[in-house]
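Source file: final-v3.txt. Holds: compact mmCIF, C-alpha atoms.
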```txt
# COMPACT_ATOMS: atom_id res chain seq x y z
CA MET A 47 13.02 -40.48 -23.66
CA VAL A 48 9.89 -42.35 -22.54
CA GLY A 49 10.61 -45.95 -21.64
CA PHE A 50 8.10 -48.64 -22.57
CA ILE A 51 8.00 -52.09 -24.11
CA ILE A 52 5.94 -52.93 -27.17
CA LYS A 53 4.70 -56.49 -26.92
CA PRO A 54 5.11 -58.10 -30.36
CA LEU A 55 2.15 -60.46 -29.94
CA LEU A 56 -0.27 -57.66 -29.09
CA LEU A 57 1.06 -55.50 -31.90
CA SER A 58 0.75 -58.19 -34.56
CA SER A 59 -2.73 -59.25 -33.46
CA SER A 60 -3.99 -55.69 -33.57
CA MET A 61 -3.16 -55.45 -37.25
CA ASN A 62 -5.90 -58.00 -38.02
CA ARG A 63 -8.62 -55.89 -36.47
CA THR A 64 -11.11 -54.19 -38.76
CA THR A 65 -10.74 -51.01 -36.72
CA GLU A 66 -7.02 -50.99 -37.52
CA GLN A 67 -7.34 -51.49 -41.27
CA ASN A 68 -6.28 -48.75 -43.65
CA SER A 69 -8.79 -45.98 -44.35
CA ASN A 70 -10.73 -46.09 -47.59
CA TYR A 71 -9.29 -42.62 -48.21
CA ASN A 72 -5.68 -41.53 -48.76
CA ASN A 73 -3.64 -38.35 -48.94
CA LEU A 74 -5.97 -36.72 -46.43
CA GLU A 75 -3.61 -33.78 -46.00
CA GLN A 76 -4.11 -32.91 -49.65
CA MET A 77 -7.91 -32.77 -49.39
CA SER A 78 -9.94 -29.59 -49.10
CA VAL A 79 -12.02 -29.09 -45.97
CA MET A 80 -15.15 -29.93 -47.98
CA GLU A 81 -13.62 -33.16 -49.25
CA ILE A 82 -12.67 -34.12 -45.70
CA ILE A 83 -16.09 -33.51 -44.20
CA GLN A 84 -17.85 -35.16 -47.15
CA GLY A 85 -15.70 -38.26 -46.64
CA ILE A 86 -16.40 -38.34 -42.92
CA ASN A 87 -20.11 -37.87 -43.55
CA ALA A 88 -20.14 -40.71 -46.08
CA GLU A 89 -18.49 -43.03 -43.56
CA ASP A 90 -20.80 -41.94 -40.73
CA LYS A 91 -23.84 -42.89 -42.82
CA THR A 92 -22.78 -46.54 -42.64
CA VAL A 93 -22.85 -46.68 -38.84
CA PRO A 94 -26.62 -47.02 -38.21
CA HIS A 95 -26.75 -49.93 -40.66
CA ALA A 96 -23.99 -51.70 -38.71
CA VAL A 97 -25.88 -51.09 -35.47
CA GLU A 98 -29.10 -52.42 -37.02
CA LYS A 99 -27.47 -55.81 -37.55
CA GLN A 100 -27.04 -56.11 -33.77
CA LEU A 101 -30.57 -55.15 -32.66
CA ASN A 102 -31.42 -58.69 -31.54
CA ARG A 103 -28.36 -58.79 -29.31
CA ILE A 104 -29.03 -55.29 -27.98
CA GLU A 105 -32.60 -56.34 -27.13
CA LYS A 106 -31.42 -59.39 -25.18
CA LEU A 107 -28.94 -57.41 -23.14
CA ALA A 108 -31.38 -54.58 -22.42
CA GLN A 109 -34.05 -57.05 -21.30
CA VAL A 110 -31.62 -58.72 -18.89
CA ILE A 111 -30.66 -55.34 -17.44
CA ILE A 112 -34.31 -54.40 -16.91
CA GLU A 113 -34.96 -57.65 -15.07
CA LYS A 114 -31.86 -57.24 -12.91
CA MET A 115 -32.57 -53.61 -12.05
CA LYS A 116 -36.17 -54.36 -11.16
CA ASN A 117 -34.70 -56.63 -8.50
CA GLY A 118 -32.36 -54.03 -7.04
CA GLY A 119 -29.43 -54.40 -9.42
CA ARG A 120 -27.32 -51.71 -11.03
CA LEU A 121 -25.70 -51.20 -14.42
CA PHE A 122 -21.94 -50.73 -14.70
CA TYR A 123 -19.87 -49.62 -17.69
CA ILE A 124 -16.10 -50.07 -17.89
CA GLY A 125 -13.82 -48.88 -20.66
CA ALA A 126 -10.66 -46.98 -21.54
CA GLY A 127 -10.14 -43.80 -23.53
CA THR A 128 -13.06 -42.80 -25.74
CA SER A 129 -14.97 -45.97 -24.84
CA GLY A 130 -14.66 -45.25 -21.13
CA ARG A 131 -15.71 -41.64 -21.60
CA LEU A 132 -18.79 -42.67 -23.57
CA GLY A 133 -19.84 -44.97 -20.74
CA ILE A 134 -19.41 -42.16 -18.22
CA VAL A 135 -21.44 -39.78 -20.37
CA ASP A 136 -24.30 -42.26 -20.66
CA ALA A 137 -24.25 -43.04 -16.94
CA SER A 138 -24.07 -39.39 -15.90
CA GLU A 139 -27.08 -38.45 -18.05
CA CYS A 140 -29.45 -40.98 -16.49
CA PRO A 141 -30.10 -39.16 -13.19
CA PRO A 142 -31.05 -35.77 -14.70
CA THR A 143 -32.99 -37.32 -17.58
CA TYR A 144 -34.90 -39.97 -15.65
CA GLY A 145 -34.67 -38.83 -12.03
CA VAL A 146 -32.89 -42.00 -10.89
CA PRO A 147 -30.26 -42.17 -8.11
CA SER A 148 -26.69 -41.53 -9.25
CA ASP A 149 -25.64 -45.06 -8.33
CA TRP A 150 -28.13 -46.87 -10.58
CA VAL A 151 -25.89 -46.54 -13.64
CA ILE A 152 -22.15 -46.21 -13.01
CA GLY A 153 -19.43 -45.48 -15.55
CA ILE A 154 -15.81 -46.35 -14.76
CA ILE A 155 -12.79 -45.42 -16.88
CA ALA A 156 -9.28 -46.88 -16.84
CA GLY A 157 -7.01 -44.41 -15.08
CA GLY A 158 -9.75 -42.96 -12.89
CA ASP A 159 -11.62 -39.69 -13.18
CA GLN A 160 -8.50 -37.81 -14.32
CA ALA A 161 -8.62 -39.91 -17.51
CA ILE A 162 -11.95 -38.32 -18.44
CA ARG A 163 -10.09 -35.19 -19.57
CA LYS A 164 -6.53 -36.37 -20.09
CA ALA A 165 -5.14 -39.72 -21.23
CA VAL A 166 -3.46 -41.76 -18.51
CA GLU A 167 -0.57 -43.67 -20.06
CA PHE A 168 -0.94 -47.46 -20.17
CA ALA A 169 -3.90 -47.47 -17.74
CA GLU A 170 -5.84 -49.66 -20.17
CA ASP A 171 -3.14 -52.34 -20.09
CA ASP A 172 -3.75 -53.32 -16.44
CA MET A 173 -5.90 -56.46 -16.34
CA GLU A 174 -6.34 -56.31 -12.55
CA GLN A 175 -7.41 -52.70 -12.03
CA ALA A 176 -10.96 -52.85 -13.40
CA TRP A 177 -12.04 -55.35 -10.79
CA LYS A 178 -10.47 -53.25 -8.04
CA ASP A 179 -12.37 -50.24 -9.36
CA LEU A 180 -15.62 -52.23 -9.43
CA LEU A 181 -15.12 -53.46 -5.88
CA ASN A 182 -15.02 -49.84 -4.74
CA HIS A 183 -18.71 -49.79 -5.74
CA HIS A 184 -19.44 -53.17 -4.12
CA ILE A 185 -20.48 -54.81 -7.38
CA ASN A 186 -22.42 -58.04 -6.82
CA THR A 187 -24.51 -60.70 -8.56
CA LYS A 188 -27.57 -58.42 -8.73
CA ASP A 189 -25.69 -56.13 -11.10
CA VAL A 190 -24.83 -56.12 -14.82
CA LEU A 191 -21.40 -55.19 -16.19
CA ILE A 192 -20.91 -53.95 -19.76
CA GLY A 193 -17.40 -53.67 -21.15
CA ILE A 194 -16.97 -51.01 -23.85
CA ALA A 195 -13.97 -51.42 -26.15
CA ALA A 196 -13.82 -50.49 -29.82
CA SER A 197 -10.84 -52.78 -30.40
CA GLY A 198 -12.29 -55.60 -28.33
CA GLY A 199 -8.83 -56.23 -26.95
CA THR A 200 -8.46 -53.79 -24.05
CA PRO A 201 -6.82 -55.66 -21.13
CA TYR A 202 -8.52 -53.46 -18.52
CA VAL A 203 -11.93 -54.45 -19.89
CA ILE A 204 -11.04 -58.11 -20.44
CA GLY A 205 -9.80 -58.47 -16.87
CA GLY A 206 -12.89 -56.84 -15.40
CA LEU A 207 -15.26 -59.02 -17.40
CA GLN A 208 -13.34 -62.20 -16.62
CA LYS A 209 -13.46 -61.56 -12.88
CA ALA A 210 -17.14 -60.61 -13.05
CA ASN A 211 -17.89 -63.91 -14.80
CA GLU A 212 -16.02 -65.80 -12.08
CA MET A 213 -18.15 -64.05 -9.46
CA GLY A 214 -21.42 -64.90 -11.22
CA ILE A 215 -22.13 -61.36 -12.43
CA THR A 216 -23.98 -60.90 -15.73
CA THR A 217 -21.68 -59.48 -18.41
CA GLY A 218 -22.09 -57.83 -21.80
CA CYS A 219 -19.98 -55.76 -24.15
CA ILE A 220 -19.99 -53.28 -27.01
CA VAL A 221 -17.11 -53.82 -29.44
CA CYS A 222 -16.37 -52.98 -33.06
CA ASN A 223 -14.38 -56.02 -34.13
CA GLU A 224 -15.69 -59.52 -34.73
CA GLY A 225 -14.47 -62.42 -32.60
CA SER A 226 -12.61 -60.23 -30.10
CA PRO A 227 -11.27 -61.27 -26.67
CA VAL A 228 -13.74 -58.90 -24.98
CA ALA A 229 -16.68 -60.51 -26.78
CA ALA A 230 -15.35 -63.95 -25.89
CA VAL A 231 -15.59 -63.19 -22.16
CA SER A 232 -19.04 -61.55 -22.38
CA LYS A 233 -22.28 -63.45 -21.93
CA TYR A 234 -24.15 -60.88 -24.04
CA PRO A 235 -21.73 -59.55 -26.69
CA ILE A 236 -22.69 -56.76 -29.08
CA GLU A 237 -20.33 -56.53 -32.07
CA VAL A 238 -20.93 -53.49 -34.29
CA ILE A 239 -18.57 -53.84 -37.23
CA VAL A 240 -18.21 -50.36 -38.71
CA GLY A 241 -15.10 -51.01 -40.79
CA PRO A 242 -11.98 -48.84 -41.23
CA GLU A 243 -12.02 -45.30 -39.89
CA PHE A 244 -11.64 -42.18 -42.07
CA VAL A 245 -8.37 -41.56 -40.23
CA THR A 246 -6.84 -45.03 -39.90
CA GLY A 247 -7.28 -46.40 -36.38
CA SER A 248 -9.09 -43.32 -34.99
CA THR A 249 -11.86 -45.22 -33.25
CA ARG A 250 -13.27 -42.08 -31.64
CA MET A 251 -14.96 -41.61 -35.01
CA LYS A 252 -17.25 -44.33 -36.47
CA ALA A 253 -16.62 -46.81 -33.66
CA GLY A 254 -17.31 -44.14 -31.05
CA THR A 255 -20.49 -43.12 -32.85
CA ALA A 256 -21.63 -46.75 -32.97
CA GLN A 257 -20.96 -47.22 -29.26
CA LYS A 258 -22.89 -44.05 -28.44
CA LEU A 259 -25.87 -45.20 -30.51
CA VAL A 260 -25.92 -48.57 -28.74
CA LEU A 261 -25.58 -46.96 -25.31
CA ASN A 262 -28.48 -44.65 -26.15
CA MET A 263 -30.60 -47.68 -27.04
CA ILE A 264 -29.67 -49.66 -23.95
CA SER A 265 -30.11 -46.96 -21.31
CA THR A 266 -33.26 -45.55 -22.90
CA ALA A 267 -34.91 -48.97 -23.26
CA VAL A 268 -33.93 -49.82 -19.69
CA MET A 269 -35.28 -46.60 -18.22
CA ILE A 270 -38.56 -46.95 -20.13
CA GLY A 271 -38.73 -50.56 -18.96
CA LEU A 272 -38.28 -49.38 -15.38
CA GLY A 273 -41.21 -47.00 -15.72
CA ARG A 274 -39.21 -43.78 -15.85
CA VAL A 275 -41.10 -42.47 -18.92
CA LYS A 276 -44.83 -41.80 -19.29
CA GLY A 277 -46.24 -41.63 -22.80
CA ASN A 278 -43.21 -40.16 -24.52
CA LYS A 279 -42.24 -37.72 -21.76
CA MET A 280 -39.46 -37.67 -19.15
CA PHE A 281 -41.87 -37.49 -16.23
CA ASP A 282 -39.12 -37.96 -13.63
CA MET A 283 -36.47 -35.59 -15.02
CA GLN A 284 -34.62 -33.32 -12.61
CA LEU A 285 -35.65 -29.68 -12.83
CA SER A 286 -32.08 -28.37 -12.87
CA ASN A 287 -32.41 -25.31 -15.12
CA GLN A 288 -35.03 -22.91 -16.47
CA LYS A 289 -35.30 -24.72 -19.81
CA LEU A 290 -36.28 -27.92 -18.04
CA VAL A 291 -38.67 -26.10 -15.71
CA ALA A 292 -40.42 -24.62 -18.75
CA ARG A 293 -40.59 -28.05 -20.37
CA ALA A 294 -41.99 -29.50 -17.15
CA VAL A 295 -44.67 -26.82 -16.95
CA ASN A 296 -45.83 -27.75 -20.45
CA MET A 297 -45.81 -31.44 -19.53
CA VAL A 298 -48.00 -30.81 -16.50
CA MET A 299 -50.39 -28.68 -18.57
CA ASP A 300 -50.59 -31.43 -21.20
CA SER A 301 -51.44 -33.99 -18.51
CA ILE A 302 -54.01 -32.17 -16.41
CA PRO A 303 -56.29 -29.15 -17.04
CA VAL A 304 -54.33 -26.42 -15.27
CA ASP A 305 -52.78 -23.12 -16.38
CA ALA A 306 -49.04 -22.35 -16.44
CA GLN A 307 -49.03 -20.62 -13.07
CA THR A 308 -50.74 -23.54 -11.35
CA ALA A 309 -48.44 -26.01 -13.09
CA HIS A 310 -45.43 -24.07 -11.84
CA LYS A 311 -46.76 -24.11 -8.26
CA LEU A 312 -47.34 -27.85 -8.47
CA LEU A 313 -43.76 -28.40 -9.64
CA GLU A 314 -42.38 -26.20 -6.86
CA LYS A 315 -44.32 -28.18 -4.29
CA TYR A 316 -43.73 -31.71 -5.54
CA GLY A 317 -40.41 -31.47 -7.41
CA SER A 318 -41.20 -33.53 -10.51
CA VAL A 319 -43.77 -33.78 -13.25
CA ARG A 320 -44.89 -37.21 -12.09
CA GLU A 321 -45.48 -36.14 -8.50
CA ALA A 322 -47.07 -32.87 -9.57
CA VAL A 323 -49.61 -34.63 -11.77
CA LYS A 324 -50.20 -37.36 -9.22
CA ASN A 325 -50.90 -34.92 -6.40
CA ALA A 326 -52.60 -32.17 -8.41
CA LEU A 327 -55.92 -32.48 -6.61
CA ASN A 328 -54.22 -31.95 -3.22
CA LEU A 329 -52.91 -28.46 -3.99
```
Rendering of file as structure tokens:
Amino acid sequence: MVGFIIKPLLLSSSMNRTTEQNSNYNNLEQMSVMEIIQGINAEDKTVPHAVEKQLNRIEKLAQVIIEKMKNGGRLFYIGAGTSGRLGIVDASECPPTYGVPSDWVIGIIAGGDQAIRKAVEFAEDDMEQAWKDLLNHHINTKDVLIGIAASGGTPYVIGGLQKANEMGITTGCIVCNEGSPVAAVSKYPIEVIVGPEFVTGSTRMKAGTAQKLVLNMISTAVMIGLGRVKGNKMFDMQLSNQKLVARAVNMVMDSIPVDAQTAHKLLEKYGSVREAVKNALNL
């Protein structure tokens, strides 16, 4: 038998959260596969509209991050479970997509890297651990910390944001409940209210989709703001596979009057589309 204590206060407060409300659908086990996926699709369609209501807040946070990173700062994400994994995914995709160092955007999950694949029991309930994890990366006042928590009540995230505030670090959040504790301790809160999930309480669904959409907006806007895109192309992407090399060859050919073979030689010599185009006349 697993031993643990359910805290009555936390349990009762969670029942008031929109993300914990009963699904708009019932008797799911009696539905056909088509009925299930139609219901999920219908719910998913509501997510972009919920995100749209927060565009002004997303803009403010993204602009602050751009300003901070232009002055040597970094962007941190903290979260637990699905929220933590989404932060890690967004952070890990920035270096190959935009050619930035791996420590410009850092995702941290409650329970450590093992929690990326397998849940670590009660890791999200530790209010002290997030700050310890952040200190391992020497977080400082140049940086920005975003807490990601669908419920808006994750102790791991609350504790990290609280300590960051005390240390003068800029904080933001992405939550899916209004008036949450996480939003209350964030200077730049983003509250995307997506409503009840198709499967009651399964916030990996609409809430997770909403968080992913917001993260896409933030990191993309930030990287464009930092000059990591030219026109509409990923001029600084890492050439880590043949698909990307082929894309890069086309990008070079679109930018300067050279053939595919010459474009390939330029990329081999200079390592990125930007440097290849910049130094084309020196080949």
What does the structure give for the distance between CA of Arg131 (chain A) and CA of Ile194 (chain A), in Å to one decimal?
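It comes out at 9.7 Å.
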Output as JSON lines one row per residue of region 146-261 of chain A within 6 Å of region 139-142 of chain A: the closest atom pair and its distance in Å to one decimal place, counting all atoms listed in the file, sorted by chain and residue number ascending.
```
{"residue": "A:Val146", "atom": "CA", "partner": "A:Pro141", "partner_atom": "CA", "distance": 4.6}
{"residue": "A:Pro147", "atom": "CA", "partner": "A:Pro141", "partner_atom": "CA", "distance": 5.9}
{"residue": "A:Ser148", "atom": "CA", "partner": "A:Pro141", "partner_atom": "CA", "distance": 5.7}
```
Written file, previous selection with C-alpha atoms, as a short mmCIF file (atom, residue, chain, number, x, y, z; two decimals), in the coordinates of the input:
```cif
data_model
loop_
_atom_site.label_atom_id
_atom_site.label_comp_id
_atom_site.auth_asym_id
_atom_site.auth_seq_id
_atom_site.Cartn_x
_atom_site.Cartn_y
_atom_site.Cartn_z
CA VAL A 146 -32.89 -42.00 -10.89
CA PRO A 147 -30.26 -42.17 -8.11
CA SER A 148 -26.69 -41.53 -9.25
#
```
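Neighbours of region 255-262 of chain A closer than or equal to 8 Å, with only C-alpha atoms counted and sequence neighbours fewer than 3 positions away skipped, come out as Asp90, Val93, Pro94, Ala96, Val97, Ile104, Ser129, Leu132, Gly133, Asp136, Ile194, Ala196, Ile220, Val221, Val238, Val240, Arg250, Met251, Lys252, Ser265 and Thr266 of chain A.
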Which distance in Å separates CA of Leu121 (chain A) and CA of Ala267 (chain A), to one decimal?
13.0 Å
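Of the listed residues (A:Ile155, A:Thr143, A:Tyr123, A:Gly225), A:Ile155 comes nearest to Gln175 (chain A); the distances count only C-alpha atoms.
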Name all residues at most 10 Å from region 303-312 of chain A (count only C-alpha atoms; drop same-chain ones fewer than 2 positions away) and give them as a short mmCIF file (atom, residue, chain, number, x, y, z; two decimals) with C-alpha atoms, in the coordinates of the input.
```
data_model
loop_
_atom_site.label_atom_id
_atom_site.label_comp_id
_atom_site.auth_asym_id
_atom_site.auth_seq_id
_atom_site.Cartn_x
_atom_site.Cartn_y
_atom_site.Cartn_z
CA VAL A 291 -38.67 -26.10 -15.71
CA ALA A 292 -40.42 -24.62 -18.75
CA ALA A 294 -41.99 -29.50 -17.15
CA VAL A 295 -44.67 -26.82 -16.95
CA ASN A 296 -45.83 -27.75 -20.45
CA MET A 297 -45.81 -31.44 -19.53
CA VAL A 298 -48.00 -30.81 -16.50
CA MET A 299 -50.39 -28.68 -18.57
CA ASP A 300 -50.59 -31.43 -21.20
CA SER A 301 -51.44 -33.99 -18.51
CA GLU A 314 -42.38 -26.20 -6.86
CA LYS A 315 -44.32 -28.18 -4.29
CA TYR A 316 -43.73 -31.71 -5.54
CA GLY A 317 -40.41 -31.47 -7.41
CA SER A 318 -41.20 -33.53 -10.51
CA VAL A 319 -43.77 -33.78 -13.25
CA GLU A 321 -45.48 -36.14 -8.50
CA ALA A 322 -47.07 -32.87 -9.57
CA VAL A 323 -49.61 -34.63 -11.77
CA LYS A 324 -50.20 -37.36 -9.22
CA ASN A 325 -50.90 -34.92 -6.40
CA ALA A 326 -52.60 -32.17 -8.41
CA LEU A 327 -55.92 -32.48 -6.61
CA ASN A 328 -54.22 -31.95 -3.22
CA LEU A 329 -52.91 -28.46 -3.99
#
```
Grab the CA of Arg293 (chain A) to CA of Arg274 (chain A) distance for me, in Å with one decimal place.
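So the answer is 16.4 Å.
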For each of A:Ile270, A:Ala229, A:Leu285, A:Ala176, take the minimum atom-to-atom distance to Ala108 (chain A), counting only C-alpha atoms, then give the residue where this is smallest.
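Once distances to Ala108 (chain A) are computed over only C-alpha atoms, the minimum belongs to A:Ile270.
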Would you pick out the contacts of Leu181 (chain A) at 12 Å or less, using all atoms listed in the file, so that residues sharing its chain but fewer than 4 positions from it are not included, and give the list as a VMD selection string?
chain A and resid 122 154 174 to 177 185 to 186 206 209 to 210 213
Suppose we keep C-alpha atoms; can you now write the selection as an mmCIF file, keeping the file's coordinate frame?
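Ended up saving to part.cif:
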```
data_model
loop_
_atom_site.group_PDB
_atom_site.id
_atom_site.type_symbol
_atom_site.label_atom_id
_atom_site.label_comp_id
_atom_site.auth_asym_id
_atom_site.auth_seq_id
_atom_site.Cartn_x
_atom_site.Cartn_y
_atom_site.Cartn_z
ATOM 1 C CA PHE A 122 -21.940 -50.730 -14.700
ATOM 2 C CA ILE A 154 -15.810 -46.350 -14.760
ATOM 3 C CA GLU A 174 -6.340 -56.310 -12.550
ATOM 4 C CA GLN A 175 -7.410 -52.700 -12.030
ATOM 5 C CA ALA A 176 -10.960 -52.850 -13.400
ATOM 6 C CA TRP A 177 -12.040 -55.350 -10.790
ATOM 7 C CA ILE A 185 -20.480 -54.810 -7.380
ATOM 8 C CA ASN A 186 -22.420 -58.040 -6.820
ATOM 9 C CA GLY A 206 -12.890 -56.840 -15.400
ATOM 10 C CA LYS A 209 -13.460 -61.560 -12.880
ATOM 11 C CA ALA A 210 -17.140 -60.610 -13.050
ATOM 12 C CA MET A 213 -18.150 -64.050 -9.460
#
```
Taking (-9.6, -35.1, -48.0) in the file's coordinates as the center, which residues reach within 12 Å of it, counting only C-alpha atoms, put as an MDAnalysis selection string?
chainID A and resid 69:87 244:245
Between A:Ala253, A:Met269, A:Ile236, A:Ile134, which is the closest to Leu107 (chain A) once you count all atoms listed in the file?
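Distance minimum relative to Leu107 (chain A) lands on A:Ile236.
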Nearest to Thr187 (chain A): which of A:Pro242, A:Gly214, A:Gly125, A:Gly153 is it, counting only C-alpha atoms?
A:Gly214
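Shortest separation to Gln208 (chain A) among A:Gln67, A:Ser232, A:Asn102, A:Asn62 occurs at residue A:Ser232, atoms counted being only C-alpha atoms.
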Can you sort out the box for region 103-121 of chain A, edges along x, y and z, all listed atoms in, 8 Å on every side, with centre and edge lengths in Å to one decimal, as AutoDock Vina command-line options?
```
--center_x -30.9 --center_y -55.3 --center_z -18.2 --size_x 26.5 --size_y 24.2 --size_z 38.3
```
Hey, which of A:Lys279, A:Ile192, A:Val151, A:Val203 ends up closest to Ala169 (chain A)? Count all atoms listed in the file.
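Closest to Ala169 (chain A) of all the choices is A:Val203.
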